[in-house]
Structures are given as structure tokens and as C-alpha cells.
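A short write-up of the structure that comes next.
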Amino acid sequence: MEWRYYYYIMSESRKFDPAKLAKLNDPKRLEILNPELIWTKADLKDPDILVDIGAGTGFFALPFSRKVRKGKVYACDISEEMISWMKNNLPLESQGVVIPLKMEESSVPLPDVIADLVYMINLHHELEDPVAAIKEALRLLKSGGKLIIIDWKKEETPEGPPLTIRLTEETIESQMLACGFTNIRKHAVLPYHSFLVGGKISK
Ligand SMILES: C[S@@+](CC[C@H](N)C(=O)[O-])C[C@H]1O[C@@H](n2cnc3c(N)ncnc32)[C@H](O)[C@@H]1O
């Protein structure tokens with residue numbers, strides 16, 4: 001694959017450059033990160049409230065919002081540019097369903113125990129403190145809720161961030177386990193991404 005959609009300002013930050021946000025909307029991304037496949041494999045039980053951490057342009061919040069017609073998707077991001085892009089560009093059908101929400105690093109301005117599903121896609125390698133982000137997901141989830149983490153495999157891929165900042169699937173799994181997630185499933189269905197799903201059990 002020759003196409004490119006990912007650019008980083010590596011000298012200063014591991015964060016995605018918001019100036020390149022149009023790259024996130026490249027439909028070719030659907031070939032390697034198919035939302036329908038992700039939804040099916042995650043084996044969700046009719047979730048109502050979703051929290052997308054690192055939502056970007058809502059590339060996944062939009063298709064997932066069609067699964068929760070009576071619910072909501074909180075599309076959270078630390079970047080003001082991403083939040084205003086979503087507010088100005090997401091289609092009418094998603095109004096009142098996809099809620100763009102500015103968050104701080106590892107801190108989502110939502111109450112405890114509200115979410116059926118929290119997901120983070122192409123975010124993990126950008127996080128300053130991945131364990132703190134996973135703990136924040138745990139705080140947001142209802143008992144029985146699920147966390148999906150999808151991020152670039154730590155191996156050569158035609159696209160993606162530098163290998164040095166990627167995490168192995170095993171590292172992500174151990175972070176999830178350390179935070180208390182259980183029944184962690186690793187789905188080997190995406191060509192360039194690790195795909196983990198963990199559950200929150202009641203105490
Ligand atoms: C590579 S983009 C992926 C966007 C989207 N998940 C997708 O795959 O289309 C990563 C996004 O995460 C955001 N981000 C980076 N660190 C974050 C953090 N700690 N909490 C929330 N969002 C963050 C960036 O602003 C950017 O919009």
C-alpha cells in the first residue's frame with residue numbers, strides 16, 4: 001500500500017498533528033480497520049452508552065452511533081481542533097447521538113459507571129500514561145461493560161507511527177490486567193493492529 005494518512009511531529013510530541021486531520025477520514029482506512037468487523041468481533045450486548053477516547057474526526061464514533069440509536073456516543077478528544085471539526089462536520093443524523101467532548105489527558109468529564117463500552121483506536125501509542133487512561137476507562141464503565149483497545153502492532157507495517165513508540169499486544173494486555181480488566185480477548189483479525197477486548201466485572 002502506497003497511501004499515507006498518518007503524520008507525526010516527532011521532534012516535539014507523539015501526538016497526532018491536528019493539521020492533518022483530513023487524513024483520518026481517508027476511506028482507505030476502512031480496508032484495514034473495518035468498523036463492522038470490529039463491532040462484530042467485540043461481541044457487544046446491545047450497548048447504549050459508548051465513550052470513544054481519542055475520537056479524532058469521529059471516524060469510528062459515526063458508524064458506531066448507528067448501532068446505538070437510542071443511546072449516545074461521547075466522542076472525546078484532547079484536541080480542540082478535533083472537537084470543533086466534529087461539531088461542524090458530523091452529519092445531521094448523528095446530532096444528539098454523537099456528543100463531541102473535550103477531555104484532558106487521562107481525564108474524561110463524565111460521571112462514574114455510565115458506559116457500556118469504552119474504546120480507544122489508534123491512541124495507545126500517543127498516551128502519556130496508558131495505565132492512567134485504562135483506569136479512566138474502568139471508572140467510566142458499568143459492571144459488565146467492555147473496553148476495546150486497538151493500536152498499531154509493534155512490527156513493520158506499510159503505515160503508522162514509529163516502531164519506538166508502539167506497544168506490544170502483551171504490554172497492552174498486562175496494563176489492562178493490572179487495572180483489573182478480565183476475560184481479555186486478543187482478536188487476530190486486523191492486518192496491522194492489535195485488537196484487545198477486556199471486561200469490567202462487578203466487585
Ligand atoms: C491518530 S488519532 C486517531 C483518531 C481516531 N481514533 C481514529 O482512529 O480515527 C489520535 C487522536 O487521539 C487524540 N489524543 C491524543 N492523546 C489523547 C488523550 N490522552 N486523550 C484523548 N485523546 C487523545 C489526538 O488528538 C487524536 O485526535
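Going by the C-alpha cells order, chains are called A, B, ..., each with residues numbered from 1, while ligands are numbered from 1 in the order shown.
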Please build the interface table for segment 171-193 of chain A against segment 117-129 of chain A with a cut-off of 12 Å, listing for each qualifying residue the nearest atom pair and the distance in Å to one decimal; count only C-alpha atoms, order rows by chain and increasing number, and write it as JSON lines.
```
{"residue": "A:Thr171", "atom": "CA", "partner": "A:His124", "partner_atom": "CA", "distance": 10.9}
{"residue": "A:Ile172", "atom": "CA", "partner": "A:His124", "partner_atom": "CA", "distance": 8.5}
{"residue": "A:Glu173", "atom": "CA", "partner": "A:His124", "partner_atom": "CA", "distance": 11.9}
{"residue": "A:Gln175", "atom": "CA", "partner": "A:Asp129", "partner_atom": "CA", "distance": 10.6}
{"residue": "A:Met176", "atom": "CA", "partner": "A:His124", "partner_atom": "CA", "distance": 11.9}
{"residue": "A:Tyr192", "atom": "CA", "partner": "A:Asn122", "partner_atom": "CA", "distance": 10.9}
{"residue": "A:His193", "atom": "CA", "partner": "A:Asn122", "partner_atom": "CA", "distance": 8.6}
```
Take the residues just selected and output them with N, CA, C and O atoms as an mmCIF file, in the first residue's frame.
```cif
data_model
loop_
_atom_site.group_PDB
_atom_site.id
_atom_site.type_symbol
_atom_site.label_atom_id
_atom_site.label_comp_id
_atom_site.auth_asym_id
_atom_site.auth_seq_id
_atom_site.Cartn_x
_atom_site.Cartn_y
_atom_site.Cartn_z
ATOM 1 N N THR A 171 2.141 -6.057 26.197
ATOM 2 C CA THR A 171 2.238 -4.928 27.139
ATOM 3 C C THR A 171 0.855 -4.324 27.389
ATOM 4 O O THR A 171 0.483 -4.051 28.535
ATOM 5 N N ILE A 172 0.091 -4.167 26.324
ATOM 6 C CA ILE A 172 -1.260 -3.599 26.489
ATOM 7 C C ILE A 172 -2.109 -4.533 27.344
ATOM 8 O O ILE A 172 -2.817 -4.090 28.259
ATOM 9 N N GLU A 173 -1.986 -5.829 27.078
ATOM 10 C CA GLU A 173 -2.753 -6.796 27.870
ATOM 11 C C GLU A 173 -2.364 -6.711 29.348
ATOM 12 O O GLU A 173 -3.227 -6.700 30.233
ATOM 13 N N GLN A 175 -1.180 -4.208 30.941
ATOM 14 C CA GLN A 175 -1.708 -2.951 31.509
ATOM 15 C C GLN A 175 -3.191 -3.112 31.850
ATOM 16 O O GLN A 175 -3.653 -2.646 32.903
ATOM 17 N N MET A 176 -3.924 -3.768 30.962
ATOM 18 C CA MET A 176 -5.362 -3.971 31.222
ATOM 19 C C MET A 176 -5.563 -4.861 32.446
ATOM 20 O O MET A 176 -6.411 -4.578 33.303
ATOM 21 N N TYR A 192 -2.730 -4.871 10.579
ATOM 22 C CA TYR A 192 -1.626 -4.060 11.132
ATOM 23 C C TYR A 192 -1.862 -3.623 12.574
ATOM 24 O O TYR A 192 -1.081 -2.841 13.102
ATOM 25 N N HIS A 193 -2.952 -4.072 13.162
ATOM 26 C CA HIS A 193 -3.304 -3.597 14.501
ATOM 27 C C HIS A 193 -3.533 -4.742 15.482
ATOM 28 O O HIS A 193 -4.123 -5.758 15.125
#
```
What's the 9 Å shell around segment 76-90 of chain A, counting only C-alpha atoms, without same-chain residues fewer than 5 positions away, as a CSV table (one decimal) with N, CA and C atoms, in the first residue's frame?
```
chain,number,residue,atom,x,y,z
A,18,PRO,N,-3.1,17.7,14.5
A,18,PRO,CA,-4.5,18.1,14.0
A,18,PRO,C,-4.5,18.7,12.7
A,19,ALA,N,-3.4,19.3,12.2
A,19,ALA,CA,-3.4,19.9,10.9
A,19,ALA,C,-3.6,18.9,9.8
A,21,LEU,N,-5.8,16.4,10.0
A,21,LEU,CA,-6.9,15.6,10.4
A,21,LEU,C,-7.7,15.0,9.2
A,51,VAL,N,-18.2,5.4,25.0
A,51,VAL,CA,-17.2,6.5,25.1
A,51,VAL,C,-16.0,6.2,24.2
A,52,ASP,N,-15.8,7.1,23.2
A,52,ASP,CA,-14.7,7.0,22.3
A,52,ASP,C,-13.6,7.9,22.8
A,53,ILE,N,-12.5,7.4,23.3
A,53,ILE,CA,-11.4,8.2,23.8
A,53,ILE,C,-10.4,8.3,22.7
A,54,GLY,N,-10.1,9.6,22.3
A,54,GLY,CA,-9.2,9.9,21.2
A,54,GLY,C,-10.0,9.7,19.9
A,55,ALA,N,-11.2,10.3,19.9
A,55,ALA,CA,-12.1,10.1,18.8
A,55,ALA,C,-11.7,10.7,17.4
A,56,GLY,N,-10.8,11.7,17.5
A,56,GLY,CA,-10.3,12.4,16.3
A,56,GLY,C,-11.5,13.0,15.5
A,57,THR,N,-11.7,12.6,14.3
A,57,THR,CA,-12.8,13.2,13.5
A,57,THR,C,-14.1,12.4,13.6
A,58,GLY,N,-14.1,11.4,14.5
A,58,GLY,CA,-15.4,10.6,14.7
A,58,GLY,C,-15.5,9.5,13.7
A,62,LEU,N,-19.0,7.7,14.4
A,62,LEU,CA,-20.2,7.8,13.5
A,62,LEU,C,-20.7,6.4,13.1
A,95,GLN,N,-26.5,14.1,15.1
A,95,GLN,CA,-26.8,15.1,16.1
A,95,GLN,C,-27.6,14.6,17.3
A,98,VAL,N,-24.0,11.5,18.6
A,98,VAL,CA,-22.5,11.7,18.8
A,98,VAL,C,-22.3,13.0,19.5
A,99,ILE,N,-21.8,12.9,20.7
A,99,ILE,CA,-21.5,14.1,21.5
A,99,ILE,C,-20.0,14.4,21.6
A,100,PRO,N,-19.5,15.4,20.8
A,100,PRO,CA,-18.1,15.7,21.0
A,100,PRO,C,-17.8,16.3,22.3
A,101,LEU,N,-16.7,15.8,23.0
A,101,LEU,CA,-16.4,16.2,24.3
A,101,LEU,C,-14.9,16.5,24.5
A,102,LYS,N,-14.6,17.7,24.9
A,102,LYS,CA,-13.1,17.9,25.1
A,102,LYS,C,-12.7,17.3,26.5
A,103,MET,N,-11.6,16.6,26.4
A,103,MET,CA,-11.1,15.9,27.6
A,103,MET,C,-9.7,16.4,27.9
A,104,GLU,N,-9.2,16.1,29.0
A,104,GLU,CA,-7.8,16.3,29.3
A,104,GLU,C,-7.1,14.9,29.3
A,105,GLU,N,-5.8,14.9,29.2
A,105,GLU,CA,-5.0,13.7,29.2
A,105,GLU,C,-5.5,12.8,30.4
A,108,VAL,N,-11.7,12.2,31.6
A,108,VAL,CA,-13.0,12.5,30.8
A,108,VAL,C,-14.0,13.1,31.7
```
Just checking: using only C-alpha atoms and all ligand atoms, which residue out of A:Lys28, A:Gly71, A:Ala133, A:Ala115 ends up closest to ligand 1?
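Of A:Lys28, A:Gly71, A:Ala133, A:Ala115, the one nearest ligand 1, counting only C-alpha atoms and all ligand atoms, is A:Ala133.
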Identify all residues of segment 21-147 of chain A in strand (DSSP E or B) (DSSP on the backbone) and supply them as a ChimeraX atom specification.
/A:49-53,72-77,98-102,104,107,115-121,141-147
Which neighbours of Ile49 of chain A fall inside 10 Å, counting only C-alpha atoms, when residues of the same chain fewer than 4 positions from it are skipped, and could you give them as a VMD selection string?
chain A and resid 65 68 70 to 74 97 114 to 118 141 to 142 145
Would you save the residues of that selection, restricted to C-alpha atoms, as an mmCIF file, in the first residue's frame?
```
data_model
loop_
_atom_site.group_PDB
_atom_site.id
_atom_site.type_symbol
_atom_site.label_atom_id
_atom_site.label_comp_id
_atom_site.auth_asym_id
_atom_site.auth_seq_id
_atom_site.Cartn_x
_atom_site.Cartn_y
_atom_site.Cartn_z
ATOM 1 C CA SER A 65 -23.549 5.633 16.643
ATOM 2 C CA VAL A 68 -26.931 2.744 19.432
ATOM 3 C CA LYS A 70 -31.399 5.137 21.470
ATOM 4 C CA GLY A 71 -28.060 5.730 23.145
ATOM 5 C CA LYS A 72 -25.136 8.104 22.836
ATOM 6 C CA VAL A 73 -21.503 8.089 21.794
ATOM 7 C CA TYR A 74 -19.327 10.524 23.712
ATOM 8 C CA VAL A 97 -26.238 10.870 19.306
ATOM 9 C CA ILE A 114 -22.087 5.347 32.838
ATOM 10 C CA ALA A 115 -20.638 3.450 29.870
ATOM 11 C CA ASP A 116 -21.372 0.061 28.336
ATOM 12 C CA LEU A 117 -18.370 0.348 26.048
ATOM 13 C CA VAL A 118 -15.213 2.454 26.093
ATOM 14 C CA LEU A 141 -17.630 1.575 32.669
ATOM 15 C CA LYS A 142 -20.661 -0.089 34.153
ATOM 16 C CA GLY A 145 -19.024 -3.182 30.324
#
```
Have a look at atom CA of Ser194 of chain A and atom CA of Lys154 of chain A and let me know their distance in Å, one decimal.
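Calculated distance between atom CA of Ser194 of chain A and atom CA of Lys154 of chain A is 8.7 Å.
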